[in-house]
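Colleague: For reference, the structure I am asking about is given below.
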Amino acid sequence: MEVVWAVGQLWVAVVLGLIVLPSALGISLGISEAYMWVLVKTLEWATIRLQKGAKKRQPQMPRTPTANGIIERDETTMEKEIALLHRADFEFSHIFYFCRKGFEAIVEDEVTQRFSSEELLSWNLLTRTNVNFHYISLRLTVVWVIGVIVRYCFLLPLRFTLAAIGITSMIVGTTVVGQLPNSSVKNYLSEVVHLTCSRILVRALSGTIHYHNKENRPQKGGICVANHTSPIDAIILTNDGCYAMVGQVHGGLMGIIQRATVKACPHVWFERSEIKDRHLVTKRLREHVADKSKLPILIFPEGTCINNTSVMMFKKGSFEIGGTIYPVAIKYDPQFGDAFWNSSKYNIVSYLLRIMTSWAIVCNVWYLPPMVRKENEDAVQFANRVRSAIARQGGLTELPWDGGLKRAKVKDTFKEEQQKNYSKMLVRNGSIG
């Protein structure tokens, strides 16, 4: 028993001295950098071994790059493609366009594939890969086994300890600060607590984050909008600055954190009945933005997690509030771990277990120049302009579809829109009337 107690004390002392304290002070002892260097070299070696093994198994087949999809799409518009099939009158061949589009959607539509894990070009010694694992060599198998031991027997306990320290510090710190009267001192201490705890939680993920164009960081009284891949997006951003969060009131541990943090920081939490009242939500957000002393609001306009390859439709509500929009692009490196949360497949506990047993979380964050709504520009056009800027900067595919299709069927309005476009084209060509 004494040995266990001594080992426990040593473990806590090492974690506090080498990780927590440097994280709180915003400094690095070089441990993370050394770990990432070893990890990169190991993955490079494993990739070379895999390529050699693939050549031995199939020497007659030339190596081809992995395609992005199963089928090759021709992005010709409906009007142009059907115009090639006829001149004026309707012909039976007109249905070929719709048949082909239907087959493409069945085989591989461009929406549902955004809700599955991003495929890798090469195995990263984790369980997820776009090619089934084949035995290559004894050395590669031994390295994989060592990796499993390191990830589950060392990294997982370490990250769990850091996460517990970070969450506990967040609850205790914000509760204490929340007892102070409203003043500049309270706001300063609140930002210190949030920033410090976020840094500890990033270390719990073995996070390596590269922030670009920091001169464009969101300012108080503004709205920060970003593409959404994972629940940890908020931690990634608050590691470099403080934000007021917007969301629904939860129960359990998340509810405890929400109740504690809102005492120290003007987060905007809604009850389940309130979140459905669009006018109430807009009113409270406008009141927050109108106060230039409050932290910028952090909003993910997609409303759901997308798999780090695309940006889907931004809901217009965030762009009707007014004020300055600060776009942020987030792009994770899938080589070290899959940050995407497929909430339809994994609950939050399973997801966090996958995250904490991955190699690391590596990502780039780009702060884009602030944007304001132009004259004669409605909220939808403004939202699309911001989305396009984020997609270009992050190297993401821009899709017009609503992320709500993750759980819902296609709206009838989408179908009717295509039918209207086809009928207008027939009228214009003289096929009708």
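Residue numbers start at 1 in each chain; chains themselves are named A, B, ... in the order of the structure tokens; ligands are numbered from 1 in the order shown.
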Counting only C-alpha atoms, what is within 10 Å of range 31-41 of chain A, bar same-chain residues fewer than 6 positions away, as a list in words?

Modeller: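 These residues fall inside the cut-off: Leu18, Ile19, Thr47, Asn124, Arg203, Ser206, Gly207, Thr208, Gln335, Phe336, Trp359, Ala360 and Val362 of chain A.
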
Colleague: Please produce an output containing C-alpha atoms for each residue in the selection, written as a JSON list (two decimals), in the first residue's frame.

Modeller:
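The file below, selection.json, is the result:
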```json
[["chain", "number", "residue", "atom", "x", "y", "z"],
["A", 18, "LEU", "CA", 6.56, 19.09, -15.84],
["A", 19, "ILE", "CA", 3.20, 19.66, -17.53],
["A", 47, "THR", "CA", 5.05, 4.42, -44.24],
["A", 124, "ASN", "CA", -0.71, 5.79, -39.04],
["A", 203, "ARG", "CA", -1.93, 19.33, -23.10],
["A", 206, "SER", "CA", -1.14, 16.23, -26.67],
["A", 207, "GLY", "CA", -2.21, 19.19, -28.75],
["A", 208, "THR", "CA", 0.13, 20.93, -31.16],
["A", 335, "GLN", "CA", -2.07, 11.67, -39.69],
["A", 336, "PHE", "CA", -1.81, 11.87, -35.90],
["A", 359, "TRP", "CA", -1.10, 9.85, -31.02],
["A", 360, "ALA", "CA", -1.80, 13.58, -30.79],
["A", 362, "VAL", "CA", -2.30, 18.55, -34.48]]
```

Colleague: Per DSSP on the backbone, what are the strand (DSSP E or B) residues of range 207-421 of chain A, as an MDAnalysis selection string?

Modeller: chainID A and resid 207:212 223:226 244:248 268:270 297:299 310:311 325:332 361:367 371 397:398

Colleague: Write out as a PyMOL selection string the residues lying within 10 Å of His250 in chain A, counting only C-alpha atoms and excluding same-chain residues fewer than 4 positions away.

Modeller: chain A and resi 254-259+269-272

Colleague: In terms of the shortest atom-to-atom distance over only C-alpha atoms, which of A:Val349, A:Val386, A:Val3, A:Leu399 is closest to Val225 in chain A?

Modeller: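 Among the listed residues, the smallest separation from Val225 in chain A belongs to A:Val386.
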
Colleague: How many Å lie between CA of Ala163 in chain A and CA of Val192 in chain A, rounded to one decimal?

Modeller: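 CA of Ala163 in chain A sits 17.8 Å away from CA of Val192 in chain A.
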